[in-house]
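**Student:** My questions will all concern the structure given below.
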Amino acid sequence: TGFLAKKVDVKYEKKILLGKIKKMKTEELVLNDLMKKTQEERFKENKISGLVYNIRMKKYEERQQEIKEELPVLEKNLTFLIKNKDTKK
C-alpha cells in the first residue's frame with residue numbers, strides 16, 4: 001500500500017499544481033485587461049479620479065508581482081514532480 005499511496009499522492013499533487021498554475025495564468029491575463037480598462041477610464045473617458053486610478057493600479061500591480069514571484073515556484077515544483085515520477089519507473 002505504501003507505493004500505491006505515494007503514486008496517488010503524486011498524481012493528486014500534480015493535479016493541484018496544474019490547477020493553481022492555470023488559475024494564476026488566467027488571473028494574470030485578467031489583471032492586464034483590468035489595468036487597460038482602468039487606464040482607459042482614467043485617461044480616455046475621464047470616468048475615474050486620479051486617486052481611484054492610483055489605488056486600483058497599485059492593487060493590480062501588487063497582485064501581478066505576487067503572481068510573478070509564485071508562478072515560477074509552482075512550475076518548478078511541477079517539473080520536479082514530473083522528473084521524479086519519470087525516474088522512478
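Residues in the C-alpha cells are numbered from 1 in each chain, the chains being A, B, ... in the order shown, and ligands are numbered from 1 in the order shown.
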Could you pull the residues within 10 Å of segment 12-29 of chain A, counting only C-alpha atoms, minus those fewer than 6 positions along the same chain, as a list in words?
**Tutor:**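 Once the nearby chain positions are removed, what remains is Lys6, Met35, Tyr60, Arg63, Gln64, Gln65, Glu66, Ile67, Lys68, Glu70, Leu71, Pro72, Val73, Leu74, Glu75, Asn77, Leu78, Thr79, Phe80, Leu81 and Ile82 of chain A.
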**Student:** Within 10 Å of Tyr53 of chain A, counting only C-alpha atoms, which residues qualify if same-chain residues fewer than 6 places away don't, as a ChimeraX atom specification?
**Tutor:** /A:35,38-39,41-43,47
